[in-house]
Amino acid sequence: MPMDISITPSSLQMKTAEGCTEIWLPAEVRLAPSSSRGLQYVAGDGLHLRLQARADFSTKLISMFNQSSQAQDCCTFYCQSCGDVIIRDRKLLRVLPLPTENWGALVGEWCCHPDPFANKPLHPRESDCFIGDSFFLVNLRSDTWRPGPRGAPVETHCLSSDNHFKLKPKANTKVICKRCKVMLGETMSSDTIKFYMTEMIIQPSERNFPIIPRSQFVQSIIAQCLVELSSARSTFRFSIQGHDGKVYILLWLLNSDSLVIESLESSRSVKKFPLLEDISKADSSSAWNAVKVLYQPCIKSRNEKLAGSWESDISVHCLTLPSATCLELLLILSRNNATLPPSLRCMDSFWVAFLKM
C-alpha cells in the first residue's frame, strides 16, 4: 500500500489511501528530519525508521529521600503504597552509605593488626540512617511505633551493603504496614529495622505525603539502583532476589541514556491493571528518561540453569527486595516488553524492556 511520510521537528505524519495518522511529540522533544534513514516496513511490526532526536528537559528523579532529609531536618517516614506514617518527626544527623560486601577482606589486607570489626554488626544509632544497595537501616529505640507481626528476637552477624545481616534462626522478622499490610522491611535486632527503598518515602515533616503511582515509583527506584551500581562497581548484570531467598528475575543493564515517548492510545489496554495506573492517567504523549535492560524471569522453576550460573559469577550483583515487589517488577517488565514491536522484544534469548527514570 503506497504511503506518504512527512517528518517535521515536532511531528510525524503518515498518509495512505485509507486516511492520515499524525503523531505529535512532547514539546520538549525535537526531531532532525534530515537525519531520517533505514525506512522500511516490517510485517507484523509496522513502519521502522531511524531519526536523531533532541530532548531539552531534565527529569526530576523520584527518590526515597528528599534532599533536605540529609540536612538535619525532622523527617517523616511513609509507606509508599498507602501513605501511612511509619516514623514521625525523626531527626537524621547522619545519613551514611554502608560499605560494599568485600570490605571485611579489604580491612584484613590493609591492617597490620587483627580486624577490630570482625563479627560486629553495623547498627545505626538513634539519629543515624545507614543506606545499602536496596534498603536502609534505622534505629527505633526512641519510637513508640512498632512494626506489625514480628518474630522472636534473632541473632545477627555479618557486614555488607547487600547482605548486611544474616539471620541464624528462621523467624518471622517481617515489618508490615498496619494499614495496607504491605511488607516494608525486616527486623534486624530488637531496635534496628531494615526498610526496603521500594516501599518507603522519606519527606520533611512539614510536607504532605507525595502521591506517586506505584509503578512509576518502583521503576524509578530500581532504575536508579542499577545505574548507580553499574557506575560504582562496573557491574551490569543483576540478580533480583526476594526476601525469601528465591531468585525472581535476571537483569542485564544495556544502557542508561534511552528516551521513551509514550502515547495514551498505546496504553489503553492496560487500564484494567491497578499497578499500572500511572499509564492510563498519562497525558496524550509524554517523554521519559529510561534505562534499557534485558531480563529473564525465574519464577516457576524457569531458567534454573542460567540463574545457577549467574549465582556463581562474581560479576553478578544481587539485589534483595520483598518478594511481592519482585513480582510487581516482573509485571512491569512484561507489560513494557509487550508494547515493543515484535521484532524488538527479544535479544540473544533475553526479553527487552525499558525502566523509566
# chains A, B, ... in the order shown; residues from 1 in each chain; ligands from 1

call {"tool": "residues_around", "arguments": {"residues": "Leu61 in chain A", "least_positions_apart": "4", "cutoff": "10 Å", "atoms": "only C-alpha atoms", "output": "list in words"}}
result
Phe217, Ser220, Ile221, Gln224, Asn289, Lys356 and Met357 of chain A

call {"tool": "write_last_selection", "arguments": {"atoms": "all heavy atoms", "output": "short mmCIF file (atom, residue, chain, number, x, y, z; two decimals), in the first residue's frame"}}
result
data_model
loop_
_atom_site.label_atom_id
_atom_site.label_comp_id
_atom_site.auth_asym_id
_atom_site.auth_seq_id
_atom_site.Cartn_x
_atom_site.Cartn_y
_atom_site.Cartn_z
N PHE A 217 7.02 4.67 40.75
CA PHE A 217 7.98 4.69 41.86
C PHE A 217 8.92 3.49 41.79
O PHE A 217 10.14 3.63 41.91
CB PHE A 217 7.22 4.69 43.19
CG PHE A 217 8.11 4.81 44.39
CD1 PHE A 217 8.59 6.04 44.81
CD2 PHE A 217 8.46 3.68 45.12
CE1 PHE A 217 9.42 6.15 45.92
CE2 PHE A 217 9.28 3.77 46.24
CZ PHE A 217 9.76 5.01 46.64
N SER A 220 11.44 3.76 38.89
CA SER A 220 12.46 4.79 39.08
C SER A 220 13.50 4.35 40.11
O SER A 220 14.71 4.52 39.90
CB SER A 220 11.80 6.10 39.52
OG SER A 220 12.77 7.12 39.64
N ILE A 221 13.03 3.79 41.23
CA ILE A 221 13.97 3.36 42.27
C ILE A 221 14.89 2.26 41.76
O ILE A 221 16.11 2.30 41.96
CB ILE A 221 13.20 2.88 43.52
CG1 ILE A 221 12.47 4.06 44.18
CG2 ILE A 221 14.16 2.23 44.51
CD1 ILE A 221 13.36 5.16 44.68
N GLN A 224 17.40 3.65 39.13
CA GLN A 224 18.47 4.41 39.76
C GLN A 224 19.47 3.48 40.46
O GLN A 224 20.68 3.72 40.41
CB GLN A 224 17.89 5.40 40.76
CG GLN A 224 17.12 6.54 40.11
CD GLN A 224 16.50 7.47 41.13
OE1 GLN A 224 17.18 8.12 41.92
NE2 GLN A 224 15.18 7.54 41.14
N ASN A 289 13.17 9.78 30.53
CA ASN A 289 14.48 9.15 30.52
C ASN A 289 14.31 7.73 31.04
O ASN A 289 13.51 7.48 31.94
CB ASN A 289 15.46 9.91 31.42
CG ASN A 289 15.90 11.22 30.80
OD1 ASN A 289 16.06 11.32 29.60
ND2 ASN A 289 16.10 12.23 31.64
N LYS A 356 11.55 3.33 33.35
CA LYS A 356 11.56 4.79 33.35
C LYS A 356 12.25 5.33 34.60
O LYS A 356 12.05 4.82 35.70
CB LYS A 356 10.13 5.32 33.29
CG LYS A 356 9.36 4.89 32.06
CD LYS A 356 7.91 5.32 32.19
CE LYS A 356 7.06 4.76 31.07
NZ LYS A 356 5.63 5.07 31.26
N MET A 357 13.02 6.38 34.38
CA MET A 357 13.70 7.03 35.50
C MET A 357 12.74 8.00 36.20
O MET A 357 12.99 8.39 37.32
CB MET A 357 14.92 7.79 35.00
CG MET A 357 15.95 6.90 34.32
SD MET A 357 16.92 5.95 35.48
CE MET A 357 18.08 7.19 36.04
#

call {"tool": "residues_around", "arguments": {"residues": "range 203-207 of chain A", "least_positions_apart": "2", "cutoff": "6 Å", "atoms": "only C-alpha atoms", "output": "PDB file with N, CA and C atoms, in the first residue's frame"}}
result
ATOM      1  N   ASN A  66      14.097  12.860  50.338  1.00  0.00           N
ATOM      2  CA  ASN A  66      14.098  14.242  49.880  1.00  0.00           C
ATOM      3  C   ASN A  66      15.472  14.822  50.205  1.00  0.00           C
ATOM      4  N   CYS A  74      13.800  17.526  60.579  1.00  0.00           N
ATOM      5  CA  CYS A  74      12.944  16.438  61.035  1.00  0.00           C
ATOM      6  C   CYS A  74      12.244  15.822  59.823  1.00  0.00           C
ATOM      7  N   CYS A  75      12.262  14.518  59.754  1.00  0.00           N
ATOM      8  CA  CYS A  75      11.694  13.804  58.618  1.00  0.00           C
ATOM      9  C   CYS A  75      10.594  12.860  59.080  1.00  0.00           C
ATOM     10  N   THR A  76       9.685  12.571  58.175  1.00  0.00           N
ATOM     11  CA  THR A  76       8.637  11.597  58.422  1.00  0.00           C
ATOM     12  C   THR A  76       8.759  10.487  57.391  1.00  0.00           C
ATOM     13  N   ASP A  89       8.591  12.554  62.591  1.00  0.00           N
ATOM     14  CA  ASP A  89       9.494  13.560  63.154  1.00  0.00           C
ATOM     15  C   ASP A  89      10.811  12.957  63.644  1.00  0.00           C
TER      16      ASP A  89
END

call {"tool": "residues_around", "arguments": {"residues": "range 338-345 of chain A", "least_positions_apart": "5", "cutoff": "7 Å", "atoms": "only C-alpha atoms", "output": "PyMOL selection string"}}
result
chain A and resi 45+351-352

call {"tool": "residues_around", "arguments": {"residues": "Ser230 in chain A", "least_positions_apart": "3", "cutoff": "12 Å", "atoms": "only C-alpha atoms", "output": "list in words"}}
result
Asp133, Ala223, Gln224, Cys225, Leu226, Val227, Arg233, Ser234, Thr235, Phe236, Arg237, Phe238, Trp252, Leu253, Leu254, Asn255, Ser256, Val291, Ser315, Val316 and His317 of chain A

call {"tool": "atom_distance", "arguments": {"atom1": "CA of Ser286 in chain A", "atom2": "CA of Ala27 in chain A"}}
result
9.1 Å

call {"tool": "decode", "arguments": {"residues": "range 283-331 of chain A", "atoms": "C-alpha atoms", "output": "PDB file, in the first residue's frame"}}
result
ATOM      1  CA  ASP A 283      -1.074  12.898  29.021  1.00  0.00           C
ATOM      2  CA  SER A 284      -1.668  12.328  25.300  1.00  0.00           C
ATOM      3  CA  SER A 285       2.094  11.846  24.993  1.00  0.00           C
ATOM      4  CA  SER A 286       4.940  12.022  27.469  1.00  0.00           C
ATOM      5  CA  ALA A 287       8.712  11.620  27.384  1.00  0.00           C
ATOM      6  CA  TRP A 288      10.818   9.793  29.957  1.00  0.00           C
ATOM      7  CA  ASN A 289      14.479   9.154  30.522  1.00  0.00           C
ATOM      8  CA  ALA A 290      14.857   5.406  30.828  1.00  0.00           C
ATOM      9  CA  VAL A 291      17.285   2.515  31.133  1.00  0.00           C
ATOM     10  CA  LYS A 292      17.225  -0.334  28.648  1.00  0.00           C
ATOM     11  CA  VAL A 293      17.514  -3.806  30.149  1.00  0.00           C
ATOM     12  CA  LEU A 294      17.470  -7.431  29.122  1.00  0.00           C
ATOM     13  CA  TYR A 295      15.674  -9.755  31.504  1.00  0.00           C
ATOM     14  CA  GLN A 296      14.742 -13.357  32.130  1.00  0.00           C
ATOM     15  CA  PRO A 297      12.028 -14.421  34.606  1.00  0.00           C
ATOM     16  CA  CYS A 298      12.972 -17.168  37.043  1.00  0.00           C
ATOM     17  CA  ILE A 299       9.581 -17.922  38.591  1.00  0.00           C
ATOM     18  CA  LYS A 300       8.043 -21.403  38.474  1.00  0.00           C
ATOM     19  CA  SER A 301      11.467 -23.038  38.019  1.00  0.00           C
ATOM     20  CA  ARG A 302      12.177 -21.180  34.776  1.00  0.00           C
ATOM     21  CA  ASN A 303      15.794 -20.572  33.723  1.00  0.00           C
ATOM     22  CA  GLU A 304      17.173 -22.501  36.708  1.00  0.00           C
ATOM     23  CA  LYS A 305      20.426 -23.372  34.935  1.00  0.00           C
ATOM     24  CA  LEU A 306      21.056 -19.761  33.902  1.00  0.00           C
ATOM     25  CA  ALA A 307      20.216 -18.497  37.394  1.00  0.00           C
ATOM     26  CA  GLY A 308      22.648 -21.013  38.871  1.00  0.00           C
ATOM     27  CA  SER A 309      25.469 -19.896  36.602  1.00  0.00           C
ATOM     28  CA  TRP A 310      24.808 -16.232  37.427  1.00  0.00           C
ATOM     29  CA  GLU A 311      24.764 -17.002  41.150  1.00  0.00           C
ATOM     30  CA  SER A 312      28.297 -18.391  40.983  1.00  0.00           C
ATOM     31  CA  ASP A 313      29.560 -15.479  38.863  1.00  0.00           C
ATOM     32  CA  ILE A 314      31.267 -12.777  40.953  1.00  0.00           C
ATOM     33  CA  SER A 315      30.463 -10.125  38.332  1.00  0.00           C
ATOM     34  CA  VAL A 316      26.725 -10.524  39.011  1.00  0.00           C
ATOM     35  CA  HIS A 317      25.320  -8.320  41.768  1.00  0.00           C
ATOM     36  CA  CYS A 318      22.375  -9.425  43.890  1.00  0.00           C
ATOM     37  CA  LEU A 319      19.564  -7.022  44.817  1.00  0.00           C
ATOM     38  CA  THR A 320      17.144  -8.173  47.503  1.00  0.00           C
ATOM     39  CA  LEU A 321      13.563  -6.870  47.590  1.00  0.00           C
ATOM     40  CA  PRO A 322      10.272  -8.020  49.113  1.00  0.00           C
ATOM     41  CA  SER A 323       9.006 -10.992  47.117  1.00  0.00           C
ATOM     42  CA  ALA A 324       5.770  -9.170  46.216  1.00  0.00           C
ATOM     43  CA  THR A 325       7.808  -6.272  44.802  1.00  0.00           C
ATOM     44  CA  CYS A 326       9.837  -8.705  42.686  1.00  0.00           C
ATOM     45  CA  LEU A 327       6.579  -9.906  41.144  1.00  0.00           C
ATOM     46  CA  GLU A 328       5.467  -6.292  40.627  1.00  0.00           C
ATOM     47  CA  LEU A 329       8.730  -5.559  38.829  1.00  0.00           C
ATOM     48  CA  LEU A 330       8.307  -8.640  36.643  1.00  0.00           C
ATOM     49  CA  LEU A 331       4.791  -7.499  35.696  1.00  0.00           C
TER      50      LEU A 331
END
